[in-house]
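File shown here: structure_9.txt, holding compact mmCIF, C-alpha atoms (C1' of nucleotides).
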```txt
# COMPACT_ATOMS: atom_id res chain seq x y z
CA MET A 1 54.41 14.41 5.83
CA VAL A 2 56.30 12.18 3.51
CA VAL A 3 55.01 11.26 0.12
CA ARG A 4 55.61 7.76 -0.98
CA GLY A 5 55.11 6.63 -4.56
CA ALA A 6 53.15 3.64 -5.75
CA ALA A 7 56.22 1.48 -5.25
CA GLY A 8 55.99 2.22 -1.55
CA ARG A 9 59.59 3.04 -0.89
CA ASP A 10 59.93 4.07 2.70
CA GLU A 11 61.05 7.63 3.14
CA ALA A 12 59.66 8.26 6.59
CA VAL A 13 61.83 10.68 8.46
CA SER A 14 59.83 11.88 11.43
CA GLU A 15 59.43 9.73 14.50
CA ASP A 16 56.14 8.61 15.91
CA ILE A 17 53.57 11.38 15.89
CA ASP A 18 50.80 11.45 18.42
CA ALA A 19 47.37 11.97 16.89
CA ASP A 20 46.49 14.40 19.68
CA VAL A 21 49.03 16.88 18.47
CA CYS A 22 48.27 16.82 14.76
CA SER A 23 46.93 19.83 12.92
CA ILE A 24 45.20 17.61 10.41
CA ALA A 25 43.23 16.04 13.24
CA SER A 26 42.40 19.46 14.71
CA THR A 27 41.15 20.62 11.34
CA LEU A 28 39.09 17.52 10.72
CA ASP A 29 37.44 17.94 14.10
CA ILE A 30 35.85 21.04 12.67
CA ILE A 31 35.30 20.43 8.97
CA GLY A 32 35.59 16.64 8.80
CA ASP A 33 32.05 15.55 8.15
CA ARG A 34 30.11 14.88 5.00
CA TRP A 35 28.46 18.29 4.70
CA THR A 36 30.60 21.02 6.19
CA LEU A 37 33.08 21.43 3.37
CA LEU A 38 30.29 21.38 0.81
CA ILE A 39 28.55 24.16 2.70
CA LEU A 40 31.75 26.17 2.76
CA ARG A 41 32.24 25.53 -0.93
CA ASP A 42 28.80 27.00 -1.57
CA VAL A 43 29.63 30.05 0.50
CA PHE A 44 32.92 30.47 -1.37
CA ARG A 45 30.88 30.34 -4.53
CA GLY A 46 28.73 33.20 -3.34
CA ALA A 47 25.81 31.46 -1.65
CA ARG A 48 24.90 33.27 1.53
CA ARG A 49 21.37 32.38 2.44
CA PHE A 50 20.02 29.35 4.23
CA SER A 51 17.53 28.52 1.50
CA GLU A 52 20.08 28.98 -1.23
CA ILE A 53 22.50 26.49 0.28
CA GLN A 54 19.71 24.13 1.21
CA ALA A 55 18.33 24.04 -2.32
CA ASP A 56 21.76 23.64 -3.89
CA LEU A 57 22.98 20.81 -1.68
CA GLY A 58 19.70 19.08 -0.94
CA ILE A 59 20.81 18.80 2.67
CA ALA A 60 18.15 18.32 5.35
CA LYS A 61 17.23 21.63 6.93
CA ASN A 62 17.92 20.51 10.48
CA LEU A 63 21.41 19.44 9.50
CA LEU A 64 22.10 22.63 7.62
CA SER A 65 20.91 24.60 10.60
CA ASP A 66 23.19 22.61 12.88
CA ARG A 67 26.22 22.87 10.60
CA LEU A 68 25.82 26.59 10.06
CA SER A 69 25.57 27.16 13.81
CA ARG A 70 28.67 25.12 14.32
CA LEU A 71 30.56 27.05 11.66
CA VAL A 72 29.49 30.31 13.27
CA ASP A 73 30.55 29.02 16.69
CA HIS A 74 33.94 28.11 15.30
CA GLU A 75 34.13 31.48 13.57
CA LEU A 76 34.47 30.22 10.04
CA LEU A 77 31.26 32.02 9.15
CA GLU A 78 29.51 35.03 10.59
CA ARG A 79 25.80 35.79 10.66
CA VAL A 80 25.03 39.17 9.22
CA PRO A 81 21.49 40.61 9.24
CA TYR A 82 20.44 41.60 5.75
CA GLN A 83 16.95 42.87 6.60
CA ASP A 84 14.75 43.72 9.58
CA ARG A 85 11.02 43.01 9.88
CA PRO A 86 11.51 40.07 10.01
CA VAL A 87 15.19 40.07 10.83
CA ARG A 88 16.99 37.69 8.52
CA TYR A 89 20.59 36.68 8.49
CA GLU A 90 23.04 35.65 5.84
CA TYR A 91 26.28 33.80 6.31
CA ARG A 92 29.64 35.18 5.28
CA LEU A 93 33.12 33.82 5.40
CA THR A 94 35.42 35.18 8.04
CA GLN A 95 39.14 35.35 7.42
CA LYS A 96 39.43 32.02 9.19
CA GLY A 97 36.87 30.49 6.85
CA ALA A 98 38.36 32.09 3.76
CA ASP A 99 41.69 30.65 4.82
CA LEU A 100 40.40 27.21 3.96
CA SER A 101 40.55 28.00 0.27
CA PRO A 102 43.87 26.18 -0.26
CA ALA A 103 42.29 23.04 1.14
CA LEU A 104 39.25 23.34 -1.12
CA ILE A 105 41.53 24.00 -4.05
CA ALA A 106 43.58 20.91 -3.25
CA LEU A 107 40.48 18.74 -3.00
CA MET A 108 39.14 20.18 -6.23
CA ARG A 109 42.36 19.47 -8.09
CA TRP A 110 42.45 15.90 -6.84
CA GLY A 111 38.90 15.34 -8.05
CA ASP A 112 39.81 16.98 -11.36
CA ARG A 113 42.75 14.68 -11.80
CA TRP A 114 41.14 11.40 -10.83
CA TYR A 115 37.45 11.78 -11.54
CA ALA A 116 36.97 14.38 -14.25
CA ALA A 117 37.22 12.15 -17.31
CA ASN A 118 36.32 14.92 -19.73
CA GLY A 119 38.34 17.64 -18.08
CA ALA A 120 37.76 19.77 -15.04
CA PRO A 121 34.25 21.14 -14.54
CA THR A 122 35.80 24.30 -13.12
CA VAL A 123 39.24 25.76 -13.64
CA LEU A 124 41.01 28.41 -11.65
CA VAL A 125 42.74 31.04 -13.71
CA HIS A 126 45.00 34.00 -13.07
CA ASP A 127 42.96 37.21 -13.19
CA ARG A 128 45.72 39.10 -14.98
CA CYS A 129 46.65 36.64 -17.70
CA GLY A 130 43.81 34.11 -17.71
CA ALA A 131 46.16 31.12 -17.57
CA PRO A 132 45.11 28.07 -15.53
CA LEU A 133 46.75 27.99 -12.12
CA ASP A 134 48.72 25.39 -10.22
CA GLN A 135 48.96 24.69 -6.55
CA SER A 136 52.38 23.78 -5.29
CA VAL A 137 54.69 23.56 -2.35
CA THR A 138 57.39 26.18 -2.49
CA CYS A 139 60.59 26.90 -0.61
CA PRO A 140 60.74 30.59 0.27
CA SER A 141 64.43 30.25 0.96
CA CYS A 142 65.45 28.60 -2.31
CA ASN A 143 62.64 30.41 -4.09
CA GLU A 144 61.60 27.37 -6.06
CA ILE A 145 58.86 24.78 -6.33
CA VAL A 146 59.49 21.69 -4.23
CA GLY A 147 58.33 18.31 -5.51
CA PRO A 148 56.73 15.75 -3.19
CA GLY A 149 59.94 13.76 -2.96
CA HIS A 150 61.84 16.69 -1.48
CA ILE A 151 59.49 17.39 1.40
CA ARG A 152 60.54 16.26 4.87
CA SER A 153 58.58 16.54 8.06
CA ARG A 154 60.02 17.52 11.42
CA PRO A 155 58.61 18.05 14.89
CA GLY A 156 57.73 21.72 15.28
CA PRO A 157 57.73 24.08 18.25
CA GLY A 158 54.17 23.12 19.20
CA ARG A 159 55.00 19.48 19.72
CA THR A 160 54.31 18.71 23.35
CA ARG A 161 54.69 14.95 23.60
CA THR A 162 57.39 12.66 22.27
CA MET B 1 36.54 29.44 -6.40
CA VAL B 2 36.65 33.02 -5.31
CA VAL B 3 38.14 34.06 -2.04
CA ARG B 4 36.30 36.73 -0.18
CA GLY B 5 37.75 38.53 2.79
CA ALA B 6 36.15 39.10 6.15
CA ALA B 7 34.53 42.24 4.81
CA GLY B 8 32.52 40.07 2.45
CA ARG B 9 33.05 42.00 -0.73
CA ASP B 10 31.44 40.10 -3.55
CA GLU B 11 33.87 38.97 -6.18
CA ALA B 12 31.93 36.03 -7.56
CA VAL B 13 32.69 35.58 -11.22
CA SER B 14 31.46 32.17 -12.22
CA GLU B 15 27.79 31.55 -12.88
CA ASP B 16 25.72 29.00 -11.04
CA ILE B 17 27.57 25.75 -10.59
CA ASP B 18 25.71 22.49 -10.29
CA ALA B 19 26.82 20.40 -7.35
CA ASP B 20 26.72 17.30 -9.53
CA VAL B 21 29.63 18.52 -11.57
CA CYS B 22 31.96 19.67 -8.85
CA SER B 23 35.30 18.06 -8.23
CA ILE B 24 35.16 18.98 -4.57
CA ALA B 25 31.95 17.00 -4.25
CA SER B 26 33.46 14.03 -6.13
CA THR B 27 36.43 14.06 -3.83
CA LEU B 28 34.36 14.34 -0.67
CA ASP B 29 32.29 11.37 -1.80
CA ILE B 30 35.42 9.32 -1.28
CA ILE B 31 37.34 10.89 1.56
CA GLY B 32 34.66 13.02 3.17
CA ASP B 33 33.98 11.22 6.41
CA ARG B 34 35.36 11.53 9.89
CA TRP B 35 37.98 8.77 9.60
CA THR B 36 39.21 8.35 6.06
CA LEU B 37 41.60 11.28 5.92
CA LEU B 38 43.01 10.38 9.32
CA ILE B 39 43.67 6.87 8.08
CA LEU B 40 45.41 8.24 5.01
CA ARG B 41 47.43 10.59 7.19
CA ASP B 42 48.64 7.60 9.17
CA VAL B 43 49.62 5.79 6.01
CA PHE B 44 51.46 8.88 4.76
CA ARG B 45 53.28 8.85 8.07
CA GLY B 46 54.43 5.30 7.47
CA ALA B 47 51.76 3.21 9.18
CA ARG B 48 50.90 0.21 7.05
CA ARG B 49 49.35 -2.39 9.24
CA PHE B 50 45.79 -2.72 10.45
CA SER B 51 46.75 -2.94 14.10
CA GLU B 52 49.13 -0.03 13.84
CA ILE B 53 46.49 2.31 12.47
CA GLN B 54 43.87 0.97 14.82
CA ALA B 55 46.01 1.58 17.88
CA ASP B 56 47.05 5.02 16.75
CA LEU B 57 43.58 6.33 15.91
CA GLY B 58 41.52 4.39 18.42
CA ILE B 59 39.01 3.73 15.65
CA ALA B 60 36.65 0.77 16.03
CA LYS B 61 37.99 -2.24 14.16
CA ASN B 62 34.86 -2.77 12.10
CA LEU B 63 35.03 0.79 10.87
CA LEU B 64 38.72 0.59 10.09
CA SER B 65 38.10 -2.61 8.19
CA ASP B 66 35.33 -0.96 6.22
CA ARG B 67 37.29 2.20 5.47
CA LEU B 68 40.38 0.31 4.37
CA SER B 69 38.31 -1.85 2.03
CA ARG B 70 36.72 1.22 0.60
CA LEU B 71 40.08 2.89 0.08
CA VAL B 72 41.36 -0.23 -1.65
CA ASP B 73 38.22 -0.37 -3.81
CA HIS B 74 38.76 3.23 -4.81
CA GLU B 75 42.44 2.51 -5.44
CA LEU B 76 43.86 5.00 -2.98
CA LEU B 77 45.51 2.12 -1.14
CA GLU B 78 46.66 -1.30 -2.20
CA ARG B 79 46.83 -4.46 -0.15
CA VAL B 80 50.26 -6.06 -0.32
CA PRO B 81 50.99 -9.39 1.36
CA TYR B 82 53.96 -9.10 3.68
CA GLN B 83 54.02 -12.70 4.91
CA ASP B 84 52.49 -16.11 4.17
CA ARG B 85 51.39 -18.65 6.78
CA PRO B 86 49.17 -16.91 7.69
CA VAL B 87 48.97 -14.53 4.78
CA ARG B 88 48.89 -10.99 6.10
CA TYR B 89 48.50 -7.79 4.20
CA GLU B 90 49.69 -4.29 4.64
CA TYR B 91 48.29 -1.17 3.04
CA ARG B 92 50.29 1.11 0.81
CA LEU B 93 49.52 4.32 -0.94
CA THR B 94 48.97 4.16 -4.65
CA GLN B 95 49.83 7.14 -6.82
CA LYS B 96 46.20 8.18 -6.55
CA GLY B 97 46.39 8.07 -2.78
CA ALA B 98 49.74 9.82 -2.64
CA ASP B 99 48.27 12.52 -4.81
CA LEU B 100 46.16 13.63 -1.89
CA SER B 101 49.20 15.04 -0.14
CA PRO B 102 48.49 18.64 -1.19
CA ALA B 103 45.08 18.36 0.44
CA LEU B 104 46.53 16.98 3.67
CA ILE B 105 49.17 19.68 3.62
CA ALA B 106 46.51 22.36 3.19
CA LEU B 107 44.45 20.98 6.07
CA MET B 108 47.54 20.76 8.24
CA ARG B 109 48.52 24.33 7.54
CA TRP B 110 45.05 25.58 8.36
CA GLY B 111 45.14 23.75 11.68
CA ASP B 112 48.61 25.13 12.31
CA ARG B 113 47.44 28.63 11.67
CA TRP B 114 44.22 28.59 13.64
CA TYR B 115 44.66 25.98 16.34
CA ALA B 116 48.34 25.59 17.12
CA ALA B 117 48.71 28.26 19.77
CA ASN B 118 52.30 27.32 20.58
CA GLY B 119 53.42 26.76 17.03
CA ALA B 120 52.93 23.91 14.61
CA PRO B 121 53.33 20.40 16.03
CA THR B 122 54.87 19.35 12.72
CA VAL B 123 56.61 21.45 10.11
CA LEU B 124 57.43 20.56 6.54
CA VAL B 125 60.90 21.48 5.44
CA HIS B 126 62.89 21.42 2.23
CA ASP B 127 65.17 18.39 2.20
CA ARG B 128 68.01 20.32 0.59
CA CYS B 129 68.06 23.47 2.71
CA GLY B 130 65.94 22.60 5.74
CA ALA B 131 63.81 25.74 5.43
CA PRO B 132 60.09 25.54 6.29
CA LEU B 133 57.93 25.24 3.21
CA ASP B 134 54.91 27.13 1.94
CA GLN B 135 51.98 25.98 -0.10
CA SER B 136 50.78 28.41 -2.70
CA VAL B 137 48.87 28.90 -5.89
CA THR B 138 51.16 29.69 -8.78
CA CYS B 139 50.73 30.88 -12.34
CA PRO B 140 52.91 28.78 -14.64
CA SER B 141 52.53 31.39 -17.34
CA CYS B 142 53.57 34.45 -15.31
CA ASN B 143 55.85 32.26 -13.21
CA GLU B 144 54.79 33.86 -9.96
CA ILE B 145 52.80 33.22 -6.82
CA VAL B 146 49.16 34.25 -7.09
CA GLY B 147 47.40 35.63 -4.03
CA PRO B 148 43.81 34.64 -3.19
CA GLY B 149 42.47 37.92 -4.55
CA HIS B 150 43.83 37.24 -8.02
CA ILE B 151 42.24 33.83 -8.51
CA ARG B 152 39.19 33.60 -10.77
CA SER B 153 37.12 30.55 -11.50
CA ARG B 154 35.77 29.63 -14.91
CA PRO B 155 33.72 26.74 -16.30
CA GLY B 156 36.11 24.11 -17.61
CA PRO B 157 35.91 21.61 -20.48
CA GLY B 158 34.27 19.00 -18.26
CA ARG B 159 31.29 21.17 -17.47
CA THR B 160 28.26 19.37 -18.85
CA ARG B 161 25.36 21.41 -17.54
CA THR B 162 24.94 25.16 -17.52
C1' DC C 1 -10.27 40.14 7.87
C1' DC C 2 -8.96 35.77 5.65
C1' DT C 3 -6.03 32.96 2.82
C1' DG C 4 -1.90 31.80 1.12
C1' DC C 5 3.08 32.49 0.41
C1' DT C 6 8.36 33.06 1.80
C1' DC C 7 12.17 32.57 4.83
C1' DG C 8 14.67 30.35 8.32
C1' DG C 9 14.33 27.53 10.98
C1' DT C 10 12.48 23.50 15.02
C1' DT C 11 10.34 19.10 16.23
C1' DG C 12 9.35 14.15 15.84
C1' DC C 13 10.28 9.86 14.20
C1' DA C 14 12.16 6.00 11.43
C1' DA C 15 16.30 4.42 9.27
C1' DA C 16 21.19 4.27 8.73
C1' DT C 17 25.63 4.56 10.84
C1' DC C 18 28.80 4.22 14.62
C1' DG C 19 31.33 2.33 18.68
C1' DA C 20 32.43 -1.13 22.07
C1' DA C 21 32.94 -5.62 22.97
C1' DA C 22 32.83 -10.41 21.97
C1' DC C 23 34.21 -13.75 18.95
C1' DC C 24 37.00 -16.16 15.20
C1' DG C 25 40.54 -18.64 12.33
C1' DA C 26 45.18 -19.20 11.19
C1' DC C 27 49.33 -19.36 13.03
C1' DC C 28 53.22 -19.05 16.65
C1' DC C 29 55.55 -20.27 21.01
C1' DA C 30 56.21 -22.86 25.51
C1' DT D 1 47.43 -27.92 26.31
C1' DG D 2 47.25 -23.09 26.91
C1' DG D 3 48.06 -18.68 25.72
C1' DG D 4 49.16 -14.78 22.53
C1' DT D 5 49.19 -12.07 17.89
C1' DC D 6 47.15 -10.44 13.74
C1' DG D 7 43.43 -9.08 10.99
C1' DG D 8 39.50 -9.09 10.89
C1' DT D 9 33.64 -10.27 11.46
C1' DT D 10 29.48 -10.31 14.29
C1' DT D 11 26.38 -8.47 17.50
C1' DC D 12 23.93 -4.96 19.62
C1' DG D 13 22.86 -0.58 21.95
C1' DA D 14 23.71 4.45 21.19
C1' DT D 15 24.24 8.24 18.14
C1' DT D 16 23.45 10.63 13.89
C1' DT D 17 21.01 11.23 9.77
C1' DG D 18 17.18 12.20 6.53
C1' DC D 19 12.50 13.17 5.75
C1' DA D 20 8.37 15.35 6.61
C1' DA D 21 5.45 18.12 9.28
C1' DC D 22 4.99 22.20 11.67
C1' DC D 23 5.90 27.17 13.16
C1' DG D 24 6.19 32.29 13.65
C1' DA D 25 7.08 36.65 11.69
C1' DG D 26 6.04 39.18 8.07
C1' DC D 27 4.07 40.23 3.34
C1' DA D 28 0.63 40.30 -0.62
C1' DG D 29 -3.94 39.86 -2.62
C1' DG D 30 -8.80 40.16 -2.36
```
This entry written out as structure tokens:
Amino acid sequence: MVVRGAAGRDEAVSEDIDADVCSIASTLDIIGDRWTLLILRDVFRGARRFSEIQADLGIAKNLLSDRLSRLVDHELLERVPYQDRPVRYEYRLTQKGADLSPALIALMRWGDRWYAANGAPTVLVHDRCGAPLDQSVTCPSCNEIVGPGHIRSRPGPGRTRT
Amino acid sequence: MVVRGAAGRDEAVSEDIDADVCSIASTLDIIGDRWTLLILRDVFRGARRFSEIQADLGIAKNLLSDRLSRLVDHELLERVPYQDRPVRYEYRLTQKGADLSPALIALMRWGDRWYAANGAPTVLVHDRCGAPLDQSVTCPSCNEIVGPGHIRSRPGPGRTRT
DNA sequence: CCTGCTCGGTTGCAAATCGAAACCGACCCA
DNA sequence: TGGGTCGGTTTCGATTTGCAACCGAGCAGG
């Protein structure tokens, strides 16, 4: 991943990367449609029930049913019964699902920056001090924040081809 | 945004949030389909030409044409002529497009974690020291990394309803 | 017992979107 | 003249979507 500014200066470092061995592609196979991330956002926000999500998003019920099943199959959500007679289920994030929070945060911040003319509709704050938070790339070795221009990409151990 | 572990303990803090005023929803309106983020990933990687992206992704040409136009309309990419006779254009990231890199990084890291059995196909490293990088949420006030359990969400200045 | 209501879906169907392939115009080369 | 490249557009059948109707288990009121 190499960030290039508006001027378009070429800083590409990695060689040709096959789409078949790209973690972005793997991820988008699962959450890359128009509804799935919105559903997950609702669950992050505390929505757990079918009808709750359906009313909030206005998604068609057949699609919501399909997407929830898919998320359960992929183990981003789990179905937990919350009553018997009749047995009803709610949907909860698994660790795998909760692990998507950095992605949702990144998308939120991009929308904040480029589409929230009057300021962010929602801000994330530190529970201890209440200050608004940042998301950044850090170097655990240098123990500092790394700007986009100092990120290089390299083939990793999982690279099978090329 | 409140992260909840697999146990499902409820830590919701913010009140009801309308989907109409959500930056995640705004963002997904633009990049929330099956191809757009993959196209942007290719451009981040250095692909600039129609045929290059088309060959790499295997996307139908009509769809690529449509998605590129849309990205140009939304000013994530710009069309730059790279030759006359016949005039041909390439696509470059604008600042707005380049600003999506944290989101792509987050998606990549999630795929790395949950789908790269043999290790990440691509790793991001610090240009200075070569160490693999992390992405994290930081508190500029406390000057420290904030774990998912210490993030709270609050209505921001751009919240219009409720 | 009968009627109506909620929840969490499923089914059916029309409309929108997608994908593959054919085609196109401007230009190059032989 | 004939073919090839690049960056698309057009066409058309297949897939996916969105809407609305329906459903079954249970509950509540009369």
Inset, instruction - Would you be able to write out as a PyMOL selection string which residues have an atom within 10 Å of (31.4, -0.3, 20.1) in the file's coordinates, counting only C-alpha atoms (C1' of nucleotides)? - result: (chain B and resi 59-63) or (chain C and resi 18-21) or (chain D and resi 11-14)
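Of the residues under consideration (B:Glu90, B:Glu75, B:Asp127, B:Glu52), B:Asp127 shows the shortest atom-to-atom contact distance to chain A when counting all atoms listed in the file.
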Which residues are near Gly130 of chain A? Cut-off 12 Å, all atoms listed in the file, ignore same chain within fewer than 6 positions. Put them as a PDB file with C-alpha atoms, keeping the file's coordinate frame.
```
ATOM      1  CA  VAL A 123      39.240  25.760 -13.640  1.00  0.00           C
ATOM      2  CA  LEU A 124      41.010  28.410 -11.650  1.00  0.00           C
TER       3      LEU A 124
ATOM      4  CA  CYS B 139      50.730  30.880 -12.340  1.00  0.00           C
ATOM      5  CA  PRO B 140      52.910  28.780 -14.640  1.00  0.00           C
ATOM      6  CA  SER B 141      52.530  31.390 -17.340  1.00  0.00           C
ATOM      7  CA  CYS B 142      53.570  34.450 -15.310  1.00  0.00           C
ATOM      8  CA  VAL B 146      49.160  34.250  -7.090  1.00  0.00           C
ATOM      9  CA  HIS B 150      43.830  37.240  -8.020  1.00  0.00           C
ATOM     10  CA  ILE B 151      42.240  33.830  -8.510  1.00  0.00           C
ATOM     11  CA  ARG B 152      39.190  33.600 -10.770  1.00  0.00           C
ATOM     12  CA  SER B 153      37.120  30.550 -11.500  1.00  0.00           C
ATOM     13  CA  ARG B 154      35.770  29.630 -14.910  1.00  0.00           C
TER      14      ARG B 154
END
```
Using all atoms listed in the file, I'd like every residue of chain C that has an atom within 12 Å of chain A; please write them out as a PDB file with C-alpha atoms (C1' of nucleotides), in the frame of the given file.
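Final file, out.pdb:
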```
ATOM      1  C1'  DT C   6       8.360  33.060   1.800  1.00  0.00           C
ATOM      2  C1'  DC C   7      12.170  32.570   4.830  1.00  0.00           C
ATOM      3  C1'  DG C   8      14.670  30.350   8.320  1.00  0.00           C
ATOM      4  C1'  DG C   9      14.330  27.530  10.980  1.00  0.00           C
ATOM      5  C1'  DT C  10      12.480  23.500  15.020  1.00  0.00           C
ATOM      6  C1'  DT C  11      10.340  19.100  16.230  1.00  0.00           C
ATOM      7  C1'  DG C  12       9.350  14.150  15.840  1.00  0.00           C
TER       8       DG C  12
END
```
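The environment of DG4 of chain C within 12 Å, counting only C-alpha atoms (C1' of nucleotides) and disregarding residues fewer than 2 places along the same chain, consists of DC2 and DT6 of chain C; DC27, DA28, DG29 and DG30 of chain D.
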Inset, instruction - Considering all atoms listed in the file, return as a PyMOL selection string whatever protein or nucleic-acid residues lie within 12 Å of segment 69-72 of chain B, sequence-local ones (same chain, fewer than 2 positions apart) excluded. - result: (chain B and resi 29-33+35-37+39-40+43+50+62-67+74-80+89-94+96-97) or (chain D and resi 8)
Inset, instruction - Write out as a ChimeraX atom specification which residues come within 10 Å of Ala116 of chain A when counting only C-alpha atoms (C1' of nucleotides), dropping same-chain ones fewer than 6 positions away. - result: /A:109-110 /B:21-23,26,157-159
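Distance annotation: of A:Asp42, A:Ile105, A:Gly111, A:Asn118, the residue with the minimal separation from Gln135 of chain B is A:Ile105; atom set is all atoms listed in the file.
Taking atom CA of Val137 of chain B and atom CA of Asp134 of chain A as the two end points, the separation is 5.6 Å.
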Inset, instruction - To one decimal in Å, tell me the separation between atom CA of Asp73 of chain A and atom C1' of DA20 of chain D. - result: 27.9 Å
Legend entry - For segment 24-30 of chain C: contacts at 10 Å, only C-alpha atoms (C1' of nucleotides), fewer than 6 positions along chain excluded, given as an MDAnalysis selection string: (chainID B and resid 84:87) or (chainID D and resid 2:6 8:10)
Legend entry - For atom CA of Thr122 of chain B and atom CA of Ile24 of chain B, the interatomic separation in Å (one decimal): 26.2 Å
Near chain A, 8 Å: chain D residue rows, closest pairs, only C-alpha atoms (C1' of nucleotides), as JSON lines:
```
{"residue": "D:DG18", "atom": "C1'", "partner": "A:Ala60", "partner_atom": "CA", "distance": 6.3}
{"residue": "D:DC19", "atom": "C1'", "partner": "A:Ala60", "partner_atom": "CA", "distance": 7.7}
{"residue": "D:DA25", "atom": "C1'", "partner": "A:Pro86", "partner_atom": "CA", "distance": 5.8}
{"residue": "D:DG26", "atom": "C1'", "partner": "A:Pro86", "partner_atom": "CA", "distance": 5.9}
```
Kindly compute an axis-aligned box around the listed atoms of segment 2-10 of chain C, allowing 6 Å on each side, and express its centre and edge lengths in Å to one decimal as lines of an AutoDock Vina configuration file.
```
center_x = 2.9
center_y = 29.6
center_z = 7.7
size_x = 35.6
size_y = 24.3
size_z = 26.6
```
Legend entry - From A:Pro81, A:Ile145, A:Met108, A:Ala117, residue lying nearest chain B [only C-alpha atoms]: A:Met108
Legend entry - Ref. answer, residues at most 8 Å from (19.5, 7.5, 7.2) with all atoms listed in the file, as a list in words: DA15, DA16 and DT17 of chain C; DT17 and DG18 of chain D
